[in-house]
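As provided, final.cif (mmCIF, C-alpha atoms and all ligand atoms) reads as follows.
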```
data_coords
#
loop_
_atom_site.label_atom_id
_atom_site.label_comp_id
_atom_site.auth_asym_id
_atom_site.auth_seq_id
_atom_site.Cartn_x
_atom_site.Cartn_y
_atom_site.Cartn_z
CA MET A 1333 0.00 0.00 0.00
CA SER A 1334 1.32 3.45 -0.83
CA ARG A 1335 -0.32 6.59 0.45
CA ALA A 1336 -0.57 9.40 -2.09
CA PHE A 1337 0.12 13.08 -1.42
CA ASN A 1338 -3.46 14.27 -1.05
CA PHE A 1339 -3.98 18.01 -1.68
CA SER A 1340 -7.76 17.90 -1.12
CA ALA A 1341 -9.41 20.99 0.40
CA GLY A 1342 -11.65 18.79 2.52
CA PRO A 1343 -12.38 16.17 3.55
CA ALA A 1344 -8.61 16.28 3.63
CA ALA A 1345 -5.60 14.13 4.45
CA LEU A 1346 -5.28 13.05 8.09
CA PRO A 1347 -1.96 12.29 9.82
CA GLU A 1348 -0.90 8.76 8.96
CA PRO A 1349 -0.07 7.79 12.59
CA VAL A 1350 -3.63 8.76 13.55
CA LEU A 1351 -5.13 6.56 10.86
CA ARG A 1352 -2.88 3.66 11.89
CA LEU A 1353 -3.83 3.99 15.55
CA ALA A 1354 -7.53 4.22 14.67
CA ALA A 1355 -7.12 1.08 12.54
CA ASP A 1356 -5.38 -0.75 15.40
CA GLU A 1357 -8.14 0.21 17.81
CA MET A 1358 -10.99 -0.36 15.37
CA LEU A 1359 -12.29 -3.70 16.68
CA ASP A 1360 -11.41 -3.45 20.35
CA TRP A 1361 -10.84 -0.06 21.94
CA HIS A 1362 -8.49 -0.41 24.95
CA GLY A 1363 -9.73 -3.88 25.89
CA SER A 1364 -13.38 -2.79 26.01
CA GLY A 1365 -14.31 -5.46 23.45
CA MET A 1366 -16.03 -2.77 21.36
CA SER A 1367 -15.25 -0.41 18.52
CA VAL A 1368 -15.66 3.26 19.48
CA MET A 1369 -18.46 3.28 16.88
CA GLU A 1370 -20.36 0.70 18.92
CA MET A 1371 -20.18 2.38 22.34
CA SER A 1372 -22.93 4.22 24.14
CA HIS A 1373 -22.13 7.91 24.23
CA ARG A 1374 -23.18 7.83 27.87
CA GLY A 1375 -20.93 4.93 28.87
CA PRO A 1376 -17.69 5.44 30.82
CA GLU A 1377 -15.48 4.54 27.82
CA PHE A 1378 -16.86 7.19 25.51
CA ILE A 1379 -17.20 9.76 28.32
CA SER A 1380 -13.44 9.40 28.83
CA ILE A 1381 -12.73 9.76 25.08
CA HIS A 1382 -14.90 12.87 24.95
CA ALA A 1383 -13.33 14.40 28.05
CA GLU A 1384 -9.82 13.84 26.73
CA ALA A 1385 -10.64 15.40 23.34
CA ASP A 1386 -12.12 18.41 25.11
CA ALA A 1387 -9.12 18.79 27.43
CA LEU A 1388 -6.59 18.47 24.59
CA LEU A 1389 -8.38 21.04 22.42
CA ARG A 1390 -8.49 23.44 25.37
CA GLU A 1391 -4.80 22.90 26.00
CA LEU A 1392 -3.74 23.31 22.35
CA LEU A 1393 -5.65 26.56 21.87
CA ALA A 1394 -5.17 27.78 25.48
CA ILE A 1395 -8.92 28.30 25.63
CA PRO A 1396 -9.83 30.53 28.61
CA ALA A 1397 -12.09 29.04 31.30
CA ASN A 1398 -15.00 31.34 30.37
CA TYR A 1399 -15.38 29.67 26.97
CA LYS A 1400 -17.42 26.54 26.26
CA VAL A 1401 -16.25 23.95 23.74
CA LEU A 1402 -19.12 22.24 21.92
CA PHE A 1403 -18.83 19.19 19.68
CA MET A 1404 -21.78 19.57 17.35
CA GLN A 1405 -23.09 18.51 13.94
CA GLY A 1406 -24.35 20.32 10.86
CA GLY A 1407 -21.01 21.56 9.52
CA ALA A 1408 -20.10 25.16 8.88
CA ILE A 1409 -23.02 25.60 6.50
CA GLY A 1410 -25.28 24.53 9.36
CA GLU A 1411 -23.52 27.12 11.54
CA ASN A 1412 -24.40 29.82 9.01
CA ALA A 1413 -27.95 29.50 10.36
CA ILE A 1414 -27.10 28.32 13.88
CA VAL A 1415 -24.92 31.39 14.54
CA PRO A 1416 -27.61 34.03 13.96
CA MET A 1417 -30.20 31.89 15.78
CA ASN A 1418 -27.98 31.88 18.87
CA MET A 1419 -26.06 35.11 18.64
CA LEU A 1420 -28.65 37.79 17.79
CA ARG A 1421 -29.61 37.92 21.48
CA GLY A 1422 -32.58 40.27 20.95
CA ARG A 1423 -30.83 42.39 18.32
CA ALA A 1424 -32.02 42.76 14.74
CA ALA A 1425 -28.81 43.13 12.75
CA ALA A 1426 -25.33 41.68 12.33
CA ASP A 1427 -22.21 42.83 10.46
CA TYR A 1428 -20.54 40.53 7.93
CA VAL A 1429 -17.26 40.99 6.09
CA ASP A 1430 -17.33 39.57 2.58
CA THR A 1431 -14.03 38.01 1.53
CA GLY A 1432 -15.22 35.34 -0.91
CA GLU A 1433 -17.33 32.27 -1.55
CA TRP A 1434 -17.70 31.13 2.04
CA SER A 1435 -18.49 34.62 3.37
CA LYS A 1436 -21.10 35.00 0.67
CA LYS A 1437 -22.76 31.76 1.76
CA SER A 1438 -22.74 32.92 5.39
CA ILE A 1439 -24.31 36.26 4.40
CA LYS A 1440 -27.02 34.65 2.29
CA GLU A 1441 -28.06 32.31 5.09
CA ALA A 1442 -27.94 34.97 7.84
CA LYS A 1443 -30.36 37.13 5.83
CA LYS A 1444 -33.09 34.60 6.68
CA TYR A 1445 -32.76 35.57 10.34
CA CYS A 1446 -31.66 39.21 10.53
CA THR A 1447 -30.67 42.37 8.73
CA VAL A 1448 -27.17 41.85 7.37
CA ASN A 1449 -24.86 44.83 7.04
CA VAL A 1450 -21.97 43.99 4.73
CA ALA A 1451 -19.39 46.06 6.61
CA ALA A 1452 -16.70 45.55 3.97
CA SER A 1453 -16.28 43.55 0.80
CA ALA A 1454 -13.32 42.37 -1.24
CA ALA A 1455 -15.52 42.01 -4.35
CA ASP A 1456 -13.81 45.02 -5.99
CA SER A 1457 -10.46 43.18 -5.86
CA GLY A 1458 -11.95 39.98 -7.29
CA TYR A 1459 -11.69 38.53 -3.77
CA THR A 1460 -7.91 38.56 -3.74
CA ARG A 1461 -7.40 40.31 -0.40
CA VAL A 1462 -8.83 41.03 3.03
CA PRO A 1463 -10.38 44.54 3.16
CA PRO A 1464 -8.24 46.67 5.52
CA ARG A 1465 -9.87 47.19 8.92
CA GLU A 1466 -9.99 50.99 8.50
CA THR A 1467 -12.37 50.59 5.53
CA TRP A 1468 -14.96 48.56 7.49
CA LYS A 1469 -18.26 50.30 8.22
CA LEU A 1470 -19.37 48.62 11.43
CA ASP A 1471 -22.79 49.13 13.01
CA PRO A 1472 -22.39 49.76 16.77
CA ASN A 1473 -25.77 48.07 17.35
CA ALA A 1474 -24.86 44.90 15.49
CA ALA A 1475 -25.22 41.69 17.48
CA TYR A 1476 -21.84 40.47 16.21
CA VAL A 1477 -19.28 40.88 13.41
CA HIS A 1478 -18.77 37.78 11.26
CA ILE A 1479 -15.61 36.97 9.31
CA CYS A 1480 -14.33 33.94 7.42
CA ALA A 1481 -10.80 33.61 8.80
CA ASN A 1482 -9.62 31.58 5.81
CA GLU A 1483 -11.42 31.48 2.47
CA THR A 1484 -10.78 27.88 1.46
CA ILE A 1485 -11.71 28.46 -2.19
CA GLY A 1486 -10.08 31.85 -2.82
CA GLY A 1487 -7.02 31.21 -0.64
CA VAL A 1488 -7.39 34.49 1.28
CA GLU A 1489 -6.55 34.38 5.00
CA TYR A 1490 -6.58 36.92 7.84
CA HIS A 1491 -3.11 37.21 9.35
CA TRP A 1492 -4.42 39.64 11.97
CA THR A 1493 -7.35 39.67 14.35
CA PRO A 1494 -9.85 42.47 13.71
CA ASP A 1495 -10.67 44.72 16.66
CA THR A 1496 -14.45 45.07 16.83
CA GLY A 1497 -14.65 46.81 20.18
CA ALA A 1498 -17.54 45.69 22.36
CA VAL A 1499 -19.28 43.87 19.50
CA PRO A 1500 -18.36 40.15 19.60
CA LEU A 1501 -16.21 38.85 16.75
CA VAL A 1502 -17.47 35.59 15.20
CA ALA A 1503 -15.13 33.60 12.94
CA ASP A 1504 -15.62 30.70 10.57
CA MET A 1505 -12.27 28.93 11.02
CA SER A 1506 -13.24 25.74 9.19
CA SER A 1507 -10.05 25.66 7.17
CA ASN A 1508 -7.43 27.18 9.46
CA LEU A 1509 -8.36 26.20 13.03
CA LEU A 1510 -5.39 24.37 14.62
CA SER A 1511 -2.98 25.47 11.87
CA ARG A 1512 -1.44 28.01 14.29
CA PRO A 1513 -2.07 29.58 17.69
CA VAL A 1514 -5.20 31.75 18.03
CA GLU A 1515 -5.93 34.38 20.67
CA VAL A 1516 -9.30 32.92 21.57
CA ALA A 1517 -10.07 35.77 23.99
CA LYS A 1518 -10.34 38.17 21.04
CA TYR A 1519 -13.34 36.24 19.71
CA GLY A 1520 -16.89 35.83 20.95
CA LEU A 1521 -17.35 32.67 18.90
CA ILE A 1522 -15.19 30.44 16.74
CA TYR A 1523 -16.64 27.61 14.68
CA GLY A 1524 -15.55 25.20 12.01
CA GLY A 1525 -16.26 21.91 10.32
CA ALA A 1526 -13.72 19.27 11.27
CA GLN A 1527 -12.82 17.85 7.88
CA LYS A 1528 -9.62 19.83 7.26
CA ASN A 1529 -7.22 20.00 10.22
CA ILE A 1530 -9.30 18.22 12.84
CA GLY A 1531 -10.82 14.91 11.80
CA PRO A 1532 -13.65 13.26 9.90
CA ALA A 1533 -16.53 15.22 8.39
CA GLY A 1534 -19.63 15.18 10.54
CA LEU A 1535 -18.15 16.97 13.55
CA THR A 1536 -18.45 20.73 14.03
CA ILE A 1537 -16.34 22.52 16.62
CA VAL A 1538 -17.84 25.53 18.41
CA ILE A 1539 -15.94 27.64 20.94
CA VAL A 1540 -18.18 30.25 22.54
CA ARG A 1541 -17.74 32.82 25.31
CA ASP A 1542 -20.16 31.95 28.06
CA ASP A 1543 -21.67 35.44 28.54
CA LEU A 1544 -23.05 35.17 24.97
CA LEU A 1545 -25.18 32.16 25.85
CA GLY A 1546 -28.82 32.26 26.87
CA GLY A 1547 -30.36 34.34 24.09
CA ALA A 1548 -31.23 31.90 21.31
CA LEU A 1549 -34.27 32.64 19.16
CA PRO A 1550 -37.28 30.58 20.34
CA ILE A 1551 -37.38 28.79 16.97
CA THR A 1552 -33.84 27.41 17.48
CA PRO A 1553 -33.87 23.59 17.28
CA SER A 1554 -32.74 22.24 20.65
CA ALA A 1555 -29.90 20.27 19.06
CA PHE A 1556 -28.52 23.56 17.69
CA ASP A 1557 -29.03 25.66 20.81
CA TYR A 1558 -25.58 26.46 22.17
CA THR A 1559 -26.89 26.98 25.70
CA LEU A 1560 -28.71 23.66 25.83
CA GLN A 1561 -25.72 21.86 24.30
CA ALA A 1562 -23.33 23.54 26.75
CA GLU A 1563 -25.54 22.49 29.68
CA ALA A 1564 -25.60 18.92 28.35
CA ASP A 1565 -21.84 18.77 27.69
CA SER A 1566 -22.59 18.46 23.92
CA MET A 1567 -24.70 15.37 24.60
CA LEU A 1568 -28.22 16.72 24.26
CA ASN A 1569 -28.43 14.42 21.26
CA THR A 1570 -26.12 11.58 20.24
CA PRO A 1571 -22.88 13.33 19.25
CA PRO A 1572 -20.73 12.21 16.27
CA THR A 1573 -18.86 9.80 18.53
CA TYR A 1574 -16.37 8.29 16.10
CA ALA A 1575 -15.47 11.70 14.66
CA ILE A 1576 -14.86 13.04 18.19
CA TYR A 1577 -12.61 10.05 18.91
CA VAL A 1578 -10.52 10.60 15.74
CA ALA A 1579 -10.38 14.36 16.46
CA GLY A 1580 -8.99 13.49 19.90
CA LEU A 1581 -6.26 11.37 18.26
CA VAL A 1582 -5.45 14.30 15.95
CA PHE A 1583 -5.25 16.68 18.94
CA ARG A 1584 -2.80 14.32 20.62
CA TRP A 1585 -0.76 14.08 17.40
CA ILE A 1586 -0.56 17.89 17.20
CA LYS A 1587 0.54 18.03 20.83
CA ASP A 1588 3.23 15.40 20.12
CA GLN A 1589 4.42 17.52 17.16
CA GLY A 1590 5.08 20.38 19.59
CA GLY A 1591 1.66 22.08 19.64
CA LEU A 1592 0.33 24.91 17.53
CA ALA A 1593 3.51 27.04 17.47
CA ALA A 1594 5.37 24.09 15.93
CA MET A 1595 2.48 23.48 13.51
CA GLU A 1596 2.63 27.12 12.45
CA ALA A 1597 6.38 26.96 11.77
CA LYS A 1598 5.91 23.87 9.60
CA ASN A 1599 2.92 25.38 7.80
CA ARG A 1600 4.82 28.61 7.09
CA ALA A 1601 7.78 26.68 5.68
CA LYS A 1602 5.51 24.60 3.43
CA ALA A 1603 3.58 27.62 2.14
CA ALA A 1604 6.81 29.55 1.50
CA LEU A 1605 8.15 26.73 -0.70
CA LEU A 1606 5.10 26.96 -2.92
CA TYR A 1607 4.59 30.75 -2.98
CA ASP A 1608 8.30 31.46 -3.55
CA TYR A 1609 8.23 29.23 -6.59
CA LEU A 1610 4.95 30.75 -7.88
CA ASP A 1611 6.50 34.21 -7.58
CA SER A 1612 9.65 33.19 -9.42
CA THR A 1613 7.97 32.16 -12.67
CA SER A 1614 5.45 33.57 -15.13
CA PHE A 1615 4.34 30.09 -16.18
CA TYR A 1616 2.13 29.89 -13.05
CA SER A 1617 0.50 32.68 -11.09
CA SER A 1618 -1.04 33.22 -7.67
CA PRO A 1619 -3.91 35.72 -7.70
CA VAL A 1620 -3.88 36.60 -3.99
CA ALA A 1621 -2.29 39.75 -2.47
CA LYS A 1622 0.93 38.70 -0.75
CA ALA A 1623 -0.06 39.91 2.71
CA ASP A 1624 -3.32 37.93 2.64
CA ARG A 1625 -2.20 34.62 1.17
CA SER A 1626 -3.51 31.53 2.90
CA LEU A 1627 -1.06 29.16 4.55
CA MET A 1628 -3.59 26.35 4.07
CA ASN A 1629 -5.07 26.68 0.56
CA VAL A 1630 -2.90 27.82 -2.32
CA PRO A 1631 -4.83 28.50 -5.53
CA PHE A 1632 -2.76 28.97 -8.67
CA ARG A 1633 -3.25 29.12 -12.40
CA LEU A 1634 -1.27 27.97 -15.38
CA LYS A 1635 -0.57 30.77 -17.88
CA ASP A 1636 -2.15 28.59 -20.56
CA ASP A 1637 -5.23 26.93 -19.10
CA SER A 1638 -5.46 24.53 -22.06
CA LEU A 1639 -2.65 22.68 -20.22
CA ASP A 1640 -4.74 22.20 -17.04
CA LYS A 1641 -5.84 18.66 -17.93
CA ALA A 1642 -2.30 17.53 -18.77
CA PHE A 1643 -1.03 19.09 -15.53
CA LEU A 1644 -3.59 17.22 -13.42
CA LYS A 1645 -3.01 13.94 -15.26
CA GLY A 1646 0.76 14.17 -14.75
CA ALA A 1647 0.24 14.99 -11.06
CA GLU A 1648 -2.00 11.96 -10.58
CA GLU A 1649 0.53 9.73 -12.28
CA ARG A 1650 3.00 10.93 -9.62
CA ARG A 1651 0.43 10.19 -6.90
CA MET A 1652 -0.38 13.84 -6.19
CA LEU A 1653 -4.14 13.94 -5.89
CA GLN A 1654 -7.04 16.41 -5.80
CA LEU A 1655 -5.19 19.47 -7.12
CA LYS A 1656 -8.07 20.72 -9.27
CA GLY A 1657 -9.31 24.18 -8.21
CA HIS A 1658 -12.86 24.64 -6.96
CA ARG A 1659 -15.40 24.52 -9.78
CA SER A 1660 -16.38 28.16 -9.12
CA VAL A 1661 -12.88 29.53 -9.81
CA GLY A 1662 -11.08 26.92 -11.95
CA GLY A 1663 -7.29 26.57 -12.10
CA MET A 1664 -5.47 24.58 -9.41
CA ARG A 1665 -5.53 24.56 -5.64
CA ALA A 1666 -3.05 22.87 -3.34
CA SER A 1667 -4.43 22.46 0.16
CA ILE A 1668 -1.53 21.92 2.51
CA TYR A 1669 -3.09 21.37 5.92
CA ASN A 1670 -1.23 20.14 9.01
CA ALA A 1671 -1.15 16.54 7.79
CA MET A 1672 0.61 17.39 4.50
CA PRO A 1673 4.30 16.64 5.03
CA VAL A 1674 6.89 19.07 3.66
CA GLU A 1675 7.99 16.24 1.32
CA GLY A 1676 4.57 16.48 -0.38
CA VAL A 1677 5.01 20.20 -1.07
CA ARG A 1678 8.59 19.62 -2.30
CA ALA A 1679 7.34 16.90 -4.64
CA LEU A 1680 4.66 19.25 -5.97
CA VAL A 1681 7.13 22.09 -6.61
CA GLU A 1682 9.52 19.68 -8.35
CA TYR A 1683 6.69 18.45 -10.55
CA MET A 1684 5.62 22.03 -11.35
CA LYS A 1685 9.17 22.91 -12.37
CA ASP A 1686 9.43 19.81 -14.52
CA PHE A 1687 6.06 20.54 -16.17
CA GLU A 1688 7.15 24.11 -16.87
CA ALA A 1689 10.41 22.89 -18.43
CA ARG A 1690 8.46 20.58 -20.74
CA HIS A 1691 5.64 22.99 -21.68
CA GLY A 1692 6.95 26.51 -20.99
C1 LIG B 1701 -14.36 28.22 5.27
C2 LIG B 1701 -15.46 27.24 5.06
N1 LIG B 1701 -16.68 27.53 5.54
C3 LIG B 1701 -17.69 26.68 5.40
C4 LIG B 1701 -17.55 25.46 4.77
C5 LIG B 1701 -18.71 24.51 4.66
O1 LIG B 1701 -18.53 23.47 5.52
P1 LIG B 1701 -19.52 22.20 5.57
O2 LIG B 1701 -19.53 21.63 4.21
O3 LIG B 1701 -18.91 21.34 6.60
O4 LIG B 1701 -20.86 22.70 5.97
C6 LIG B 1701 -16.31 25.10 4.27
C7 LIG B 1701 -16.15 23.79 3.59
O5 LIG B 1701 -15.27 23.42 2.96
C8 LIG B 1701 -15.24 26.02 4.41
O6 LIG B 1701 -14.03 25.72 3.92
#
```
Structure translated into structure tokens:
Amino acid sequence: MSRAFNFSAGPAALPEPVLRLAADEMLDWHGSGMSVMEMSHRGPEFISIHAEADALLRELLAIPANYKVLFMQGGAIGENAIVPMNMLRGRAAADYVDTGEWSKKSIKEAKKYCTVNVAASAADSGYTRVPPRETWKLDPNAAYVHICANETIGGVEYHWTPDTGAVPLVADMSSNLLSRPVEVAKYGLIYGGAQKNIGPAGLTIVIVRDDLLGGALPITPSAFDYTLQAEADSMLNTPPTYAIYVAGLVFRWIKDQGGLAAMEAKNRAKAALLYDYLDSTSFYSSPVAKADRSLMNVPFRLKDDSLDKAFLKGAEERRMLQLKGHRSVGGMRASIYNAMPVEGVRALVEYMKDFEARHG
């Protein structure tokens, strides 16, 4: 068996040692005689798995004690509705910053629940940068300010934390949570689907400051009510048990790698390899403003897009998979999350150079 270099944007590659351990423990978890998939979520075995995942996530992100961690379902698209339902807290409007495809989806969904003020938009740049904070037109009465911390499709990432004063900052971190340290205390709410840096699809992580709880709209389904889930330790309904277990193994793997500071150093080195090469040639191009380039998702184009098919075919032959850009933007995209080893990025750059030499 040979594992390929998998550049998928998500569900994405997981660390090989995690997959091996999960395979070893598949039939009989720690002598329990059961797979984790077969355990009651209320039994002592799973309660211990859940508690360890929670503790490791808190440790990795240094989450302050006044924040709740919720392991939920529904993905980030679910959160696009769940956030306004929980966070309006009697207010009628929320601010959103539009940096690309995922922000646009969040805005569209939030409009079902409240007045949305688009405080800033990167549309005029073709979504190639984060609008500078001084251009944002924030509403002081907004219930919250929503950003997408990393636009997985456009490859635009915040490398700074916006100051929104007393209005809570809400961030969709689906594609960059756990890629580097985060100052959690600067946010009211952080959420993300798990299927990039965390674990299997089906799990949604929510980190919420506890003073923001208690004000969900009456129509909020109980399973999506942060307050009810926090009171029930994320077990108001059956949680995605196997996904929580694998996420816990990933958290332990990140800790063993040296934690989030070490992850960041590795991620910066990987991204630099790719961006430095993209900037050194006119055969390929990166559309994103240098200051706002994502460390996780690197979209790029070939000068001659009639070569796209040949590029992808050659990559697959070298066992480099899922490099095709999102259907809405075309071109290529290399997603280089935590589990992508530096060797994978080196192999990609070598292949790109070779392809350029043959077709340039
Ligand atoms: C930044 C971002 N937000 C939202 C989503 C949607 O997540 P889901 O499909 O889990 O609902 C994605 C998915 O890739 C994403 O990358």
Around all of ligand LIG 1701 (chain B)'s listed atoms, make the axis-aligned box with 4 Å on each side and tell me centre and edge lengths in Å to one decimal, as lines of an AutoDock Vina configuration file.
```
center_x = -17.4
center_y = 24.8
center_z = 4.8
size_x = 14.8
size_y = 14.9
size_z = 11.6
```
Give the residue list for ligand LIG 1701 (chain B) at 7 Å, counting all atoms listed in the file, as a PyMOL selection string, sorted by chain and then by residue number. chain A and resi 1341-1342+1406-1410+1434+1480+1482-1484+1504-1507+1524-1525+1533
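Between atom CA of Ala1451 of chain A and atom CA of Val1429 of chain A the separation is 5.5 Å.
Straight-line separation from atom CA of Tyr1519 of chain A to atom CA of Asp1471 of chain A: 17.3 Å.
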Env of Lys1518 of chain A: 9 Å cut, atoms = all atoms listed in the file, seq-sep filter 2 positions within chain, self excluded. Answer as an NGL selection string. :A and (1493-1495 or 1500-1501 or 1514-1516 or 1520)
Check the smallest atom-to-atom distance from each of A:Lys1685, A:Arg1421, A:Arg1541, A:Arg1625 to Lys1400 of chain A using all atoms listed in the file, then report the winner. A:Arg1541
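For Leu1653 of chain A, the non-local neighbours within 8 Å, defined as residues at least 5 positions apart in the same chain or in other chains and counting only C-alpha atoms, are Ala1336, Phe1337, Asn1338, Phe1339, Ser1340, Ala1647 and Glu1648 of chain A.
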Considering only C-alpha atoms, can you say which of A:Phe1583, A:Leu1470, A:Tyr1574, A:Lys1528 comes closest to Glu1370 of chain A? A:Tyr1574
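The neighbours of Met1358 of chain A here are the residues that come within 12 Å of it, using all atoms listed in the file and leaving out any residue fewer than 2 positions away in the same chain; they are Val1350, Leu1351, Arg1352, Leu1353, Ala1354, Ala1355, Asp1356, Asp1360, Trp1361, His1362, Gly1363, Ser1364, Gly1365, Met1366, Ser1367, Val1368, Met1369, Glu1370, Met1371, Tyr1574, Tyr1577 and Val1578 of chain A.
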Long-range neighbours of segment 1593-1604 of chain A as a PyMOL selection string, 10 Å cut-off, all atoms listed in the file, 5 positions minimum in chain: chain A and resi 1392+1510-1514+1586-1588+1609-1610+1625-1630+1666-1678
Complete segment 1586-1602 of chain A at the level of N, CA and C atoms, written as a CSV table (one decimal), in the coordinates of the input.
```csv
chain,number,residue,atom,x,y,z
A,1586,ILE,N,-1.1,16.5,17.3
A,1586,ILE,CA,-0.6,17.9,17.2
A,1586,ILE,C,0.3,18.2,18.4
A,1587,LYS,N,-0.2,17.8,19.6
A,1587,LYS,CA,0.5,18.0,20.8
A,1587,LYS,C,1.9,17.4,20.7
A,1588,ASP,N,1.9,16.1,20.3
A,1588,ASP,CA,3.2,15.4,20.1
A,1588,ASP,C,4.2,16.1,19.1
A,1589,GLN,N,3.6,16.8,18.1
A,1589,GLN,CA,4.4,17.5,17.2
A,1589,GLN,C,5.0,18.8,17.8
A,1590,GLY,N,4.6,19.2,19.0
A,1590,GLY,CA,5.1,20.4,19.6
A,1590,GLY,C,4.0,21.5,19.7
A,1591,GLY,N,2.8,21.1,19.4
A,1591,GLY,CA,1.7,22.1,19.6
A,1591,GLY,C,1.5,23.0,18.5
A,1592,LEU,N,0.7,24.1,18.7
A,1592,LEU,CA,0.3,24.9,17.5
A,1592,LEU,C,1.5,25.8,17.1
A,1593,ALA,N,2.4,26.2,17.9
A,1593,ALA,CA,3.5,27.0,17.5
A,1593,ALA,C,4.4,26.2,16.5
A,1594,ALA,N,4.6,25.0,16.8
A,1594,ALA,CA,5.4,24.1,15.9
A,1594,ALA,C,4.6,23.8,14.6
A,1595,MET,N,3.3,23.7,14.7
A,1595,MET,CA,2.5,23.5,13.5
A,1595,MET,C,2.6,24.7,12.6
A,1596,GLU,N,2.5,25.9,13.2
A,1596,GLU,CA,2.6,27.1,12.4
A,1596,GLU,C,4.0,27.2,11.7
A,1597,ALA,N,5.1,26.9,12.4
A,1597,ALA,CA,6.4,27.0,11.8
A,1597,ALA,C,6.4,26.0,10.6
A,1598,LYS,N,5.9,24.8,10.7
A,1598,LYS,CA,5.9,23.9,9.6
A,1598,LYS,C,5.0,24.4,8.5
A,1599,ASN,N,3.9,24.9,8.8
A,1599,ASN,CA,2.9,25.4,7.8
A,1599,ASN,C,3.5,26.6,7.0
A,1600,ARG,N,4.2,27.5,7.8
A,1600,ARG,CA,4.8,28.6,7.1
A,1600,ARG,C,5.9,28.1,6.1
A,1601,ALA,N,6.7,27.2,6.5
A,1601,ALA,CA,7.8,26.7,5.7
A,1601,ALA,C,7.2,26.0,4.4
A,1602,LYS,N,6.1,25.3,4.6
A,1602,LYS,CA,5.5,24.6,3.4
A,1602,LYS,C,5.0,25.6,2.5
```
